[in-house]
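**Student:** For reference, the file start.txt (compact mmCIF, N, CA and C atoms) is included below:
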# COMPACT_ATOMS: atom_id res chain seq x y z
N MET X 1 18.70 1.76 -11.37
CA MET X 1 19.10 0.43 -11.78
C MET X 1 18.21 -0.59 -11.09
N LEU X 2 17.60 -1.47 -11.87
CA LEU X 2 16.78 -2.52 -11.30
C LEU X 2 17.66 -3.69 -10.90
N VAL X 3 17.31 -4.29 -9.77
CA VAL X 3 18.11 -5.39 -9.24
C VAL X 3 17.18 -6.55 -8.91
N THR X 4 17.77 -7.63 -8.50
CA THR X 4 17.01 -8.79 -8.05
C THR X 4 17.48 -9.18 -6.67
N HIS X 5 16.54 -9.30 -5.75
CA HIS X 5 16.87 -9.76 -4.40
C HIS X 5 16.82 -11.29 -4.39
N GLN X 6 17.89 -11.86 -3.99
CA GLN X 6 17.98 -13.31 -3.92
C GLN X 6 17.68 -13.77 -2.50
N GLY X 7 17.53 -15.05 -2.33
CA GLY X 7 17.36 -15.60 -0.99
C GLY X 7 15.92 -15.95 -0.69
N GLU X 8 15.72 -16.45 0.55
CA GLU X 8 14.42 -16.94 0.97
C GLU X 8 13.32 -15.89 0.91
N ASN X 9 13.57 -14.69 1.42
CA ASN X 9 12.53 -13.66 1.43
C ASN X 9 12.11 -13.27 0.03
N GLY X 10 13.08 -13.10 -0.86
CA GLY X 10 12.75 -12.76 -2.23
C GLY X 10 11.95 -13.85 -2.91
N ALA X 11 12.32 -15.09 -2.68
CA ALA X 11 11.58 -16.20 -3.27
C ALA X 11 10.16 -16.26 -2.72
N TRP X 12 10.01 -16.05 -1.45
CA TRP X 12 8.68 -16.09 -0.83
C TRP X 12 7.80 -14.98 -1.40
N LEU X 13 8.32 -13.75 -1.51
CA LEU X 13 7.54 -12.64 -2.04
C LEU X 13 7.07 -12.89 -3.47
N ARG X 14 7.87 -13.61 -4.24
CA ARG X 14 7.53 -13.87 -5.64
C ARG X 14 6.40 -14.88 -5.78
N THR X 15 6.15 -15.68 -4.75
CA THR X 15 5.14 -16.74 -4.85
C THR X 15 4.00 -16.59 -3.85
N ALA X 16 4.08 -15.61 -2.96
CA ALA X 16 3.05 -15.44 -1.93
C ALA X 16 1.71 -15.11 -2.57
N PRO X 17 0.62 -15.67 -2.05
CA PRO X 17 -0.69 -15.29 -2.59
C PRO X 17 -0.98 -13.82 -2.30
N VAL X 18 -1.65 -13.16 -3.23
CA VAL X 18 -2.01 -11.75 -3.07
C VAL X 18 -3.51 -11.74 -2.72
N GLY X 19 -3.80 -12.02 -1.45
CA GLY X 19 -5.19 -12.15 -1.02
C GLY X 19 -5.75 -10.94 -0.31
N SER X 20 -4.90 -9.99 -0.01
CA SER X 20 -5.37 -8.83 0.76
C SER X 20 -4.59 -7.59 0.34
N VAL X 21 -5.06 -6.45 0.79
CA VAL X 21 -4.35 -5.19 0.54
C VAL X 21 -2.99 -5.22 1.24
N LEU X 22 -2.93 -5.77 2.43
CA LEU X 22 -1.66 -5.90 3.14
C LEU X 22 -0.68 -6.75 2.33
N ASP X 23 -1.14 -7.86 1.78
CA ASP X 23 -0.27 -8.71 0.95
C ASP X 23 0.26 -7.92 -0.24
N ALA X 24 -0.66 -7.25 -0.95
CA ALA X 24 -0.28 -6.51 -2.15
C ALA X 24 0.73 -5.41 -1.82
N SER X 25 0.46 -4.67 -0.76
CA SER X 25 1.35 -3.57 -0.37
C SER X 25 2.73 -4.09 0.01
N SER X 26 2.77 -5.15 0.78
CA SER X 26 4.05 -5.73 1.21
C SER X 26 4.86 -6.23 0.03
N ILE X 27 4.20 -6.84 -0.93
CA ILE X 27 4.88 -7.34 -2.12
C ILE X 27 5.47 -6.18 -2.91
N LEU X 28 4.71 -5.11 -3.07
CA LEU X 28 5.23 -3.96 -3.82
C LEU X 28 6.45 -3.35 -3.13
N ILE X 29 6.39 -3.25 -1.83
CA ILE X 29 7.53 -2.70 -1.08
C ILE X 29 8.73 -3.64 -1.17
N GLY X 30 8.48 -4.92 -0.99
CA GLY X 30 9.57 -5.90 -0.97
C GLY X 30 10.23 -6.16 -2.32
N LEU X 31 9.44 -6.06 -3.39
CA LEU X 31 9.98 -6.33 -4.73
C LEU X 31 10.20 -5.04 -5.52
N GLU X 32 10.28 -3.95 -4.82
CA GLU X 32 10.34 -2.61 -5.41
C GLU X 32 11.20 -2.50 -6.66
N ARG X 33 12.41 -2.98 -6.62
CA ARG X 33 13.36 -2.79 -7.73
C ARG X 33 13.68 -4.08 -8.47
N ASP X 34 13.02 -5.15 -8.15
CA ASP X 34 13.36 -6.43 -8.76
C ASP X 34 12.84 -6.51 -10.19
N ALA X 35 13.70 -6.98 -11.11
CA ALA X 35 13.39 -6.93 -12.54
C ALA X 35 13.23 -8.30 -13.19
N ASP X 36 13.31 -9.38 -12.44
CA ASP X 36 13.15 -10.69 -13.05
C ASP X 36 11.68 -10.94 -13.40
N PRO X 37 11.40 -11.80 -14.35
CA PRO X 37 10.02 -12.00 -14.82
C PRO X 37 9.05 -12.42 -13.72
N THR X 38 9.48 -13.22 -12.77
CA THR X 38 8.59 -13.65 -11.69
C THR X 38 8.22 -12.47 -10.80
N ALA X 39 9.18 -11.62 -10.49
CA ALA X 39 8.90 -10.44 -9.67
C ALA X 39 7.98 -9.48 -10.42
N ILE X 40 8.18 -9.32 -11.71
CA ILE X 40 7.34 -8.43 -12.51
C ILE X 40 5.90 -8.92 -12.52
N ARG X 41 5.70 -10.21 -12.72
CA ARG X 41 4.33 -10.77 -12.71
C ARG X 41 3.68 -10.61 -11.34
N GLN X 42 4.44 -10.87 -10.27
CA GLN X 42 3.90 -10.75 -8.91
C GLN X 42 3.56 -9.30 -8.59
N ARG X 43 4.42 -8.39 -9.01
CA ARG X 43 4.15 -6.97 -8.79
C ARG X 43 2.88 -6.56 -9.54
N GLY X 44 2.68 -7.10 -10.75
CA GLY X 44 1.46 -6.82 -11.51
C GLY X 44 0.22 -7.30 -10.78
N ARG X 45 0.29 -8.49 -10.17
CA ARG X 45 -0.85 -9.00 -9.39
C ARG X 45 -1.13 -8.10 -8.20
N ALA X 46 -0.07 -7.64 -7.55
CA ALA X 46 -0.25 -6.75 -6.40
C ALA X 46 -0.86 -5.42 -6.82
N LEU X 47 -0.37 -4.86 -7.92
CA LEU X 47 -0.93 -3.60 -8.42
C LEU X 47 -2.39 -3.77 -8.82
N ASP X 48 -2.72 -4.90 -9.41
CA ASP X 48 -4.11 -5.17 -9.79
C ASP X 48 -5.01 -5.20 -8.56
N THR X 49 -4.53 -5.83 -7.49
CA THR X 49 -5.31 -5.88 -6.24
C THR X 49 -5.55 -4.48 -5.71
N LEU X 50 -4.53 -3.65 -5.71
CA LEU X 50 -4.71 -2.28 -5.21
C LEU X 50 -5.62 -1.48 -6.13
N ALA X 51 -5.50 -1.67 -7.43
CA ALA X 51 -6.36 -0.94 -8.37
C ALA X 51 -7.83 -1.30 -8.14
N ARG X 52 -8.11 -2.57 -7.87
CA ARG X 52 -9.49 -3.01 -7.63
C ARG X 52 -10.00 -2.62 -6.25
N GLY X 53 -9.08 -2.39 -5.31
CA GLY X 53 -9.48 -2.20 -3.92
C GLY X 53 -9.63 -0.78 -3.44
N GLN X 54 -9.21 0.21 -4.24
CA GLN X 54 -9.31 1.58 -3.76
C GLN X 54 -10.78 2.01 -3.78
N ALA X 55 -11.26 2.43 -2.62
CA ALA X 55 -12.65 2.84 -2.47
C ALA X 55 -12.88 4.23 -3.05
N PRO X 56 -14.13 4.58 -3.31
CA PRO X 56 -14.42 5.93 -3.82
C PRO X 56 -13.90 7.05 -2.92
N ASP X 57 -13.77 6.78 -1.61
CA ASP X 57 -13.25 7.82 -0.70
C ASP X 57 -11.74 7.97 -0.77
N GLY X 58 -11.08 7.13 -1.57
CA GLY X 58 -9.63 7.21 -1.76
C GLY X 58 -8.82 6.25 -0.93
N GLY X 59 -9.46 5.59 0.05
CA GLY X 59 -8.73 4.69 0.92
C GLY X 59 -8.88 3.23 0.54
N TRP X 60 -8.20 2.39 1.29
CA TRP X 60 -8.28 0.95 1.15
C TRP X 60 -8.63 0.35 2.49
N GLY X 61 -9.32 -0.77 2.46
CA GLY X 61 -9.55 -1.58 3.65
C GLY X 61 -8.65 -2.80 3.58
N PRO X 62 -8.82 -3.73 4.50
CA PRO X 62 -7.94 -4.90 4.50
C PRO X 62 -8.12 -5.79 3.27
N TYR X 63 -9.30 -5.79 2.68
CA TYR X 63 -9.58 -6.57 1.48
C TYR X 63 -10.19 -5.64 0.44
N VAL X 64 -10.23 -6.05 -0.82
CA VAL X 64 -10.68 -5.16 -1.88
C VAL X 64 -12.12 -4.70 -1.71
N THR X 65 -12.92 -5.42 -0.95
CA THR X 65 -14.32 -5.02 -0.75
C THR X 65 -14.57 -4.44 0.63
N SER X 66 -13.54 -4.25 1.43
CA SER X 66 -13.69 -3.74 2.79
C SER X 66 -13.74 -2.22 2.81
N PRO X 67 -14.40 -1.64 3.83
CA PRO X 67 -14.37 -0.19 3.98
C PRO X 67 -12.94 0.30 4.27
N SER X 68 -12.69 1.53 3.89
CA SER X 68 -11.35 2.12 4.06
C SER X 68 -10.96 2.25 5.52
N GLU X 69 -9.67 2.05 5.77
CA GLU X 69 -9.08 2.24 7.10
C GLU X 69 -7.72 2.91 6.90
N PRO X 70 -7.33 3.78 7.82
CA PRO X 70 -6.04 4.49 7.67
C PRO X 70 -4.84 3.55 7.56
N PHE X 71 -4.79 2.49 8.35
CA PHE X 71 -3.63 1.59 8.32
C PHE X 71 -3.44 0.97 6.94
N ASP X 72 -4.50 0.37 6.41
CA ASP X 72 -4.41 -0.29 5.11
C ASP X 72 -4.13 0.72 4.00
N THR X 73 -4.72 1.89 4.12
CA THR X 73 -4.48 2.96 3.15
C THR X 73 -3.02 3.38 3.18
N ALA X 74 -2.46 3.55 4.36
CA ALA X 74 -1.06 3.96 4.49
C ALA X 74 -0.13 2.94 3.84
N LEU X 75 -0.37 1.66 4.07
CA LEU X 75 0.49 0.64 3.46
C LEU X 75 0.34 0.62 1.95
N ALA X 76 -0.88 0.79 1.46
CA ALA X 76 -1.09 0.83 0.01
C ALA X 76 -0.34 2.01 -0.59
N VAL X 77 -0.40 3.16 0.05
CA VAL X 77 0.32 4.33 -0.44
C VAL X 77 1.82 4.04 -0.48
N LEU X 78 2.36 3.45 0.57
CA LEU X 78 3.79 3.15 0.59
C LEU X 78 4.16 2.18 -0.53
N GLY X 79 3.30 1.22 -0.81
CA GLY X 79 3.55 0.30 -1.92
C GLY X 79 3.52 1.00 -3.26
N LEU X 80 2.53 1.86 -3.47
CA LEU X 80 2.43 2.59 -4.73
C LEU X 80 3.58 3.58 -4.90
N VAL X 81 3.98 4.22 -3.82
CA VAL X 81 5.11 5.14 -3.89
C VAL X 81 6.39 4.37 -4.24
N ALA X 82 6.55 3.18 -3.68
CA ALA X 82 7.73 2.38 -3.99
C ALA X 82 7.82 2.11 -5.48
N VAL X 83 6.70 1.79 -6.09
CA VAL X 83 6.67 1.52 -7.53
C VAL X 83 6.87 2.80 -8.32
N ARG X 84 6.21 3.87 -7.91
CA ARG X 84 6.31 5.15 -8.62
C ARG X 84 7.74 5.67 -8.65
N ASN X 85 8.50 5.41 -7.61
CA ASN X 85 9.84 5.96 -7.48
C ASN X 85 10.91 5.22 -8.24
N VAL X 86 10.56 4.15 -8.93
CA VAL X 86 11.53 3.39 -9.71
C VAL X 86 11.30 3.70 -11.19
N ALA X 87 12.25 4.35 -11.79
CA ALA X 87 12.13 4.72 -13.21
C ALA X 87 12.06 3.47 -14.08
N ASP X 88 11.33 3.58 -15.17
CA ASP X 88 11.23 2.51 -16.18
C ASP X 88 10.61 1.22 -15.64
N LEU X 89 9.78 1.33 -14.62
CA LEU X 89 9.13 0.15 -14.07
C LEU X 89 7.71 0.08 -14.60
N ASP X 90 7.30 -1.09 -15.03
CA ASP X 90 5.94 -1.28 -15.52
C ASP X 90 4.97 -1.14 -14.36
N THR X 91 4.03 -0.21 -14.46
CA THR X 91 3.07 0.03 -13.39
C THR X 91 1.67 -0.45 -13.77
N ALA X 92 1.53 -1.26 -14.82
CA ALA X 92 0.22 -1.78 -15.22
C ALA X 92 -0.39 -2.54 -14.05
N PRO X 93 -1.66 -2.37 -13.77
CA PRO X 93 -2.70 -1.80 -14.62
C PRO X 93 -2.84 -0.29 -14.51
N TYR X 94 -1.98 0.37 -13.77
CA TYR X 94 -2.00 1.82 -13.67
C TYR X 94 -1.14 2.44 -14.76
N THR X 95 -1.59 3.57 -15.30
CA THR X 95 -0.67 4.43 -16.05
C THR X 95 0.05 5.26 -14.99
N GLN X 96 1.09 5.97 -15.38
CA GLN X 96 1.79 6.81 -14.41
C GLN X 96 0.84 7.86 -13.85
N ALA X 97 -0.01 8.44 -14.70
CA ALA X 97 -0.97 9.46 -14.24
C ALA X 97 -1.98 8.85 -13.27
N GLU X 98 -2.45 7.64 -13.55
CA GLU X 98 -3.41 6.98 -12.66
C GLU X 98 -2.76 6.62 -11.32
N LEU X 99 -1.50 6.25 -11.36
CA LEU X 99 -0.76 5.95 -10.14
C LEU X 99 -0.68 7.20 -9.27
N ASP X 100 -0.31 8.31 -9.87
CA ASP X 100 -0.25 9.58 -9.13
C ASP X 100 -1.62 9.97 -8.58
N GLN X 101 -2.66 9.76 -9.38
CA GLN X 101 -4.01 10.09 -8.94
C GLN X 101 -4.44 9.20 -7.76
N ALA X 102 -4.14 7.91 -7.81
CA ALA X 102 -4.48 7.01 -6.71
C ALA X 102 -3.80 7.45 -5.42
N ILE X 103 -2.56 7.86 -5.53
CA ILE X 103 -1.82 8.32 -4.35
C ILE X 103 -2.44 9.62 -3.82
N ARG X 104 -2.78 10.54 -4.72
CA ARG X 104 -3.42 11.80 -4.29
C ARG X 104 -4.75 11.54 -3.59
N LYS X 105 -5.56 10.64 -4.17
CA LYS X 105 -6.85 10.32 -3.56
C LYS X 105 -6.65 9.71 -2.17
N ALA X 106 -5.64 8.88 -2.02
CA ALA X 106 -5.36 8.27 -0.72
C ALA X 106 -4.93 9.32 0.29
N ARG X 107 -4.11 10.27 -0.13
CA ARG X 107 -3.72 11.38 0.76
C ARG X 107 -4.96 12.17 1.17
N ASP X 108 -5.87 12.38 0.22
CA ASP X 108 -7.11 13.10 0.52
C ASP X 108 -8.00 12.33 1.49
N TYR X 109 -7.82 11.02 1.57
CA TYR X 109 -8.52 10.21 2.57
C TYR X 109 -7.79 10.29 3.92
N LEU X 110 -6.48 10.14 3.89
CA LEU X 110 -5.70 10.07 5.14
C LEU X 110 -5.72 11.37 5.94
N ILE X 111 -5.56 12.49 5.28
CA ILE X 111 -5.42 13.76 6.00
C ILE X 111 -6.66 14.07 6.83
N PRO X 112 -7.87 14.05 6.28
CA PRO X 112 -9.04 14.38 7.11
C PRO X 112 -9.46 13.25 8.06
N SER X 113 -8.90 12.05 7.88
CA SER X 113 -9.28 10.96 8.78
C SER X 113 -8.60 11.07 10.15
N ARG X 114 -7.65 11.99 10.26
CA ARG X 114 -6.95 12.16 11.54
C ARG X 114 -7.92 12.67 12.61
N LEU X 115 -7.64 12.31 13.82
CA LEU X 115 -8.45 12.73 14.94
C LEU X 115 -8.05 14.14 15.38
N GLU X 116 -8.80 14.71 16.29
CA GLU X 116 -8.56 16.08 16.75
C GLU X 116 -7.14 16.29 17.26
N ASP X 117 -6.57 15.28 17.90
CA ASP X 117 -5.21 15.42 18.44
C ASP X 117 -4.12 15.15 17.39
N GLY X 118 -4.52 14.89 16.15
CA GLY X 118 -3.57 14.65 15.08
C GLY X 118 -3.26 13.19 14.84
N SER X 119 -3.70 12.31 15.72
CA SER X 119 -3.44 10.89 15.54
C SER X 119 -4.43 10.31 14.52
N SER X 120 -4.15 9.11 14.08
CA SER X 120 -5.05 8.39 13.19
C SER X 120 -5.82 7.36 14.00
N PRO X 121 -7.08 7.12 13.65
CA PRO X 121 -7.84 6.11 14.38
C PRO X 121 -7.17 4.74 14.23
N GLU X 122 -7.07 4.04 15.33
CA GLU X 122 -6.41 2.75 15.29
C GLU X 122 -7.19 1.76 14.45
N THR X 123 -6.46 0.87 13.83
CA THR X 123 -7.05 -0.23 13.09
C THR X 123 -6.94 -1.46 13.98
N THR X 124 -8.09 -1.97 14.37
CA THR X 124 -8.12 -3.17 15.20
C THR X 124 -8.86 -4.26 14.44
N ARG X 125 -8.52 -5.47 14.72
CA ARG X 125 -9.21 -6.63 14.14
C ARG X 125 -9.73 -7.46 15.30
N PRO X 126 -11.05 -7.58 15.42
CA PRO X 126 -12.09 -7.00 14.58
C PRO X 126 -12.16 -5.49 14.77
N ALA X 127 -12.78 -4.83 13.77
CA ALA X 127 -12.88 -3.37 13.76
C ALA X 127 -13.66 -2.85 14.96
N GLY X 128 -13.37 -1.62 15.33
CA GLY X 128 -14.14 -0.96 16.38
C GLY X 128 -13.54 -1.05 17.77
N GLY X 129 -12.45 -1.77 17.92
CA GLY X 129 -11.80 -1.88 19.23
C GLY X 129 -10.98 -0.64 19.53
N GLU X 130 -10.53 -0.54 20.76
CA GLU X 130 -9.66 0.56 21.15
C GLU X 130 -8.32 0.01 21.62
N SER X 131 -7.25 0.60 21.13
CA SER X 131 -5.90 0.18 21.51
C SER X 131 -4.96 1.35 21.32
N TYR X 132 -4.41 1.83 22.42
CA TYR X 132 -3.47 2.95 22.35
C TYR X 132 -2.25 2.56 21.51
N ALA X 133 -1.74 1.35 21.69
CA ALA X 133 -0.57 0.90 20.93
C ALA X 133 -0.87 0.87 19.44
N GLN X 134 -2.04 0.39 19.08
CA GLN X 134 -2.39 0.34 17.66
C GLN X 134 -2.68 1.74 17.11
N ARG X 135 -3.18 2.64 17.95
CA ARG X 135 -3.36 4.02 17.48
C ARG X 135 -2.01 4.65 17.15
N ILE X 136 -1.02 4.44 18.01
CA ILE X 136 0.32 4.97 17.74
C ILE X 136 0.88 4.35 16.47
N SER X 137 0.72 3.05 16.32
CA SER X 137 1.23 2.36 15.13
C SER X 137 0.55 2.87 13.87
N THR X 138 -0.78 2.95 13.88
CA THR X 138 -1.50 3.43 12.70
C THR X 138 -1.10 4.86 12.38
N THR X 139 -0.97 5.70 13.41
CA THR X 139 -0.56 7.09 13.20
C THR X 139 0.82 7.15 12.55
N ALA X 140 1.73 6.32 13.00
CA ALA X 140 3.09 6.31 12.44
C ALA X 140 3.07 5.86 10.98
N TRP X 141 2.32 4.83 10.66
CA TRP X 141 2.23 4.37 9.27
C TRP X 141 1.60 5.44 8.39
N ALA X 142 0.54 6.08 8.87
CA ALA X 142 -0.13 7.12 8.09
C ALA X 142 0.82 8.31 7.87
N LEU X 143 1.54 8.70 8.89
CA LEU X 143 2.50 9.80 8.74
C LEU X 143 3.59 9.44 7.75
N GLN X 144 4.11 8.24 7.86
CA GLN X 144 5.15 7.80 6.92
C GLN X 144 4.62 7.83 5.49
N ALA X 145 3.39 7.39 5.28
CA ALA X 145 2.81 7.40 3.94
C ALA X 145 2.64 8.82 3.42
N LEU X 146 2.18 9.71 4.29
CA LEU X 146 1.99 11.12 3.88
C LEU X 146 3.33 11.76 3.51
N LEU X 147 4.35 11.49 4.30
CA LEU X 147 5.68 12.07 4.01
C LEU X 147 6.27 11.48 2.73
N ALA X 148 6.12 10.18 2.55
CA ALA X 148 6.70 9.52 1.38
C ALA X 148 6.01 9.93 0.08
N SER X 149 4.75 10.33 0.19
CA SER X 149 3.97 10.60 -1.02
C SER X 149 3.90 12.08 -1.39
N GLU X 150 4.65 12.92 -0.70
CA GLU X 150 4.64 14.35 -1.01
C GLU X 150 5.23 14.61 -2.37
Spit out the file's structure as C-alpha cells when you get a sec.
**Tutor:**
Amino acid sequence: MLVTHQGENGAWLRTAPVGSVLDASSILIGLERDADPTAIRQRGRALDTLARGQAPDGGWGPYVTSPSEPFDTALAVLGLVAVRNVADLDTAPYTQAELDQAIRKARDYLIPSRLEDGSSPETTRPAGGESYAQRISTTAWALQALLASE
C-alpha cells in the first residue's frame, strides 16, 4: 500500500534540489512509499540522477561525474532497493530489469572494493584522507547495502 508522509520532512524531501548522489539516494529512501504527484515527480528526478551517475565500474561517486566510492555507492543501492521493494511503483527512467541490473553492478563494485580486513575504504572529503571513524561508517553502509540488495 502506498502512503503519503505528511509534515515538514516530507515537504522538504518533495522540494529539495537533487544535486548529488547523496541527495538522490536520500530522497528515494525518504519518499519510498509516497504516492502523491509531487513525491512521484521528485522520485523520478532522483532516479534520473542515479541512472546518469552510475559509473562503468558499477559504483557511484558523490556527483554524477565523480569517480566511484563505496559510501556513495552504498547509499545509491539502498535508494534503489527502497524503490524496487515497493510493488506497482513507477521506476522510470529504469525498467524493473534495469533497476535489478544497476543493483547487481553496484554489488559487483562493492564486494571487491573491500580491504583485506573486510572493511570498506573510508570516504573522506576531500578524498584521500584517513579516518578510522569514517572507515567504520563506510563499512557499515556498504554492509547494509549488500544485505538489503541480496
**Student:** Mind checking which residues fall within 6.5 Å of range 40-46 of chain X, counting only N, CA and C atoms, ignoring those fewer than 5 positions away in the same chain, and posting them as a CSV table (one decimal) with N, CA and C atoms, in the frame of the given file?
**Tutor:**
chain,number,residue,atom,x,y,z
X,14,ARG,N,7.9,-13.6,-4.2
X,14,ARG,CA,7.5,-13.9,-5.6
X,14,ARG,C,6.4,-14.9,-5.8
X,18,VAL,N,-1.6,-13.2,-3.2
X,18,VAL,CA,-2.0,-11.8,-3.1
X,18,VAL,C,-3.5,-11.7,-2.7
X,23,ASP,N,-1.1,-7.9,1.8
X,23,ASP,CA,-0.3,-8.7,1.0
X,23,ASP,C,0.3,-7.9,-0.2
X,24,ALA,N,-0.7,-7.2,-1.0
X,24,ALA,CA,-0.3,-6.5,-2.2
X,24,ALA,C,0.7,-5.4,-1.8
X,25,SER,N,0.5,-4.7,-0.8
X,25,SER,CA,1.4,-3.6,-0.4
X,25,SER,C,2.7,-4.1,0.0
X,27,ILE,N,4.2,-6.8,-0.9
X,27,ILE,CA,4.9,-7.3,-2.1
X,27,ILE,C,5.5,-6.2,-2.9
X,28,LEU,N,4.7,-5.1,-3.1
X,28,LEU,CA,5.2,-4.0,-3.8
X,28,LEU,C,6.4,-3.4,-3.1
X,34,ASP,N,13.0,-5.2,-8.2
X,34,ASP,CA,13.4,-6.4,-8.8
X,34,ASP,C,12.8,-6.5,-10.2
X,35,ALA,N,13.7,-7.0,-11.1
X,35,ALA,CA,13.4,-6.9,-12.5
X,35,ALA,C,13.2,-8.3,-13.2
X,51,ALA,N,-5.5,-1.7,-7.4
X,51,ALA,CA,-6.4,-0.9,-8.4
X,51,ALA,C,-7.8,-1.3,-8.1
X,92,ALA,N,1.5,-1.3,-14.8
X,92,ALA,CA,0.2,-1.8,-15.2
X,92,ALA,C,-0.4,-2.5,-14.0
X,93,PRO,N,-1.7,-2.4,-13.8
X,93,PRO,CA,-2.7,-1.8,-14.6
X,93,PRO,C,-2.8,-0.3,-14.5
**Student:** Rank nothing, just name the residue among X:Asn85, X:Ser119, X:Leu147, X:Gly19 nearest to Arg135 in chain X, using all atoms listed in the file.
**Tutor:**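 Of X:Asn85, X:Ser119, X:Leu147, X:Gly19, the one nearest Arg135 in chain X, counting all atoms listed in the file, is X:Ser119.
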**Student:** Could you tell me how far atom N of Gln134 in chain X lies from atom C of Gly118 in chain X, in Å and to one decimal?
**Tutor:**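 Spanning atom N of Gln134 in chain X to atom C of Gly118 in chain X is a straight-line distance of 13.5 Å.
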**Student:** Using only C-alpha atoms for the distances, tell me which of X:Leu47, X:Ala140, X:Ala74, X:Ile111 is nearest to Thr95 in chain X.
**Tutor:**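 Under the stated criterion, the closest residue is X:Leu47.
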**Student:** Work out how far CA of Gly79 in chain X is from CA of Gly10 in chain X, in Å to one decimal.
**Tutor:**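 Computing it gives 16.0 Å between the two atoms.
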**Student:** Measure the distance from atom C of Asp108 in chain X to CA of Asp57 in chain X in Å and round it to one decimal.
**Tutor:**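 We find that atom C of Asp108 in chain X and CA of Asp57 in chain X lie 7.3 Å from each other.
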**Student:** So which one's closest to Ala127 in chain X, X:Ile29, X:Leu22, X:Pro62, X:Ser149? Using only C-alpha atoms, please.
**Tutor:**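 Closest candidate: X:Pro62.
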**Student:** Restricting the calculation to only C-alpha atoms, which member of X:Ser120, X:Ser131, X:Gln54, X:Thr15 is positioned closest to Phe71 in chain X?
**Tutor:**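 When distances to Phe71 in chain X are compared using only C-alpha atoms, the smallest one comes from X:Ser120.
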**Student:** Pick from X:Arg107, X:Asp90, X:Pro126, X:Asp36: nearest to Thr73 in chain X, with all atoms listed in the file counted?
**Tutor:**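 Of the candidates, the smallest distance to Thr73 in chain X is held by X:Arg107.
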**Student:** Taking the backbone alone, and naming residues the way the document does, which bits of range 53-145 of chain X are alpha helix (DSSP H) by DSSP, as a PyMOL selection string?
**Tutor:** chain X and resi 53+70-84+96-113+132-145
**Student:** Between X:Ser113, X:Gln96, X:Ser66, X:Thr91, which one has atoms that come closest to Gly53 in chain X, using all atoms listed in the file?
**Tutor:**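 Under the stated criterion, the closest residue is X:Ser66.
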**Student:** As a PyMOL selection string, please: the residues near Asp72 in chain X (cut-off 6.5 Å, all atoms listed in the file, same-chain neighbours under 4 positions excluded).
**Tutor:** chain X and resi 21-22+59-62+76-77
**Student:** Could you work out an axis-aligned box for range 46-65 of chain X, taking every atom the file lists and adding 4 Å on each side, and report centre and edge lengths in Å to one decimal, as AutoDock Vina command-line options?
**Tutor:**
--center_x -7.3 --center_y 0.2 --center_z -2.6 --size_x 22.5 --size_y 23.6 --size_z 22.3
**Student:** Would you mind listing what lies within 8 Å of Ser137 in chain X as JSON, numbers by chain, with all atoms listed in the file counted and same-chain residues fewer than 4 positions away left out?
**Tutor:** {"X": [71, 120, 121, 122, 123, 131, 132, 133, 141, 142, 143]}
**Student:** With a distance cut-off of 10 Å and only C-alpha atoms, select the neighbouring residues of Ala55 in chain X, excluding the residue or stretch itself and same-chain residues fewer than 6 positions from it, and output the selection as a list in words.
**Tutor:**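 Using only C-alpha atoms, the neighbours found are Gly61, Val64, Thr65, Ser66, Pro67, Ser68, Thr73, Lys105, Ala106 and Tyr109 of chain X.
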**Student:** Do you know which residues are at most 7 Å from Tyr94 in chain X counting all atoms listed in the file, after dropping those on the same chain fewer than 4 positions away, and could you put them as a list of chain:residue names?
**Tutor:**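 Neighbouring residues, sequence-local ones excluded: X:Leu47, X:Asp48, X:Glu98, X:Leu99.
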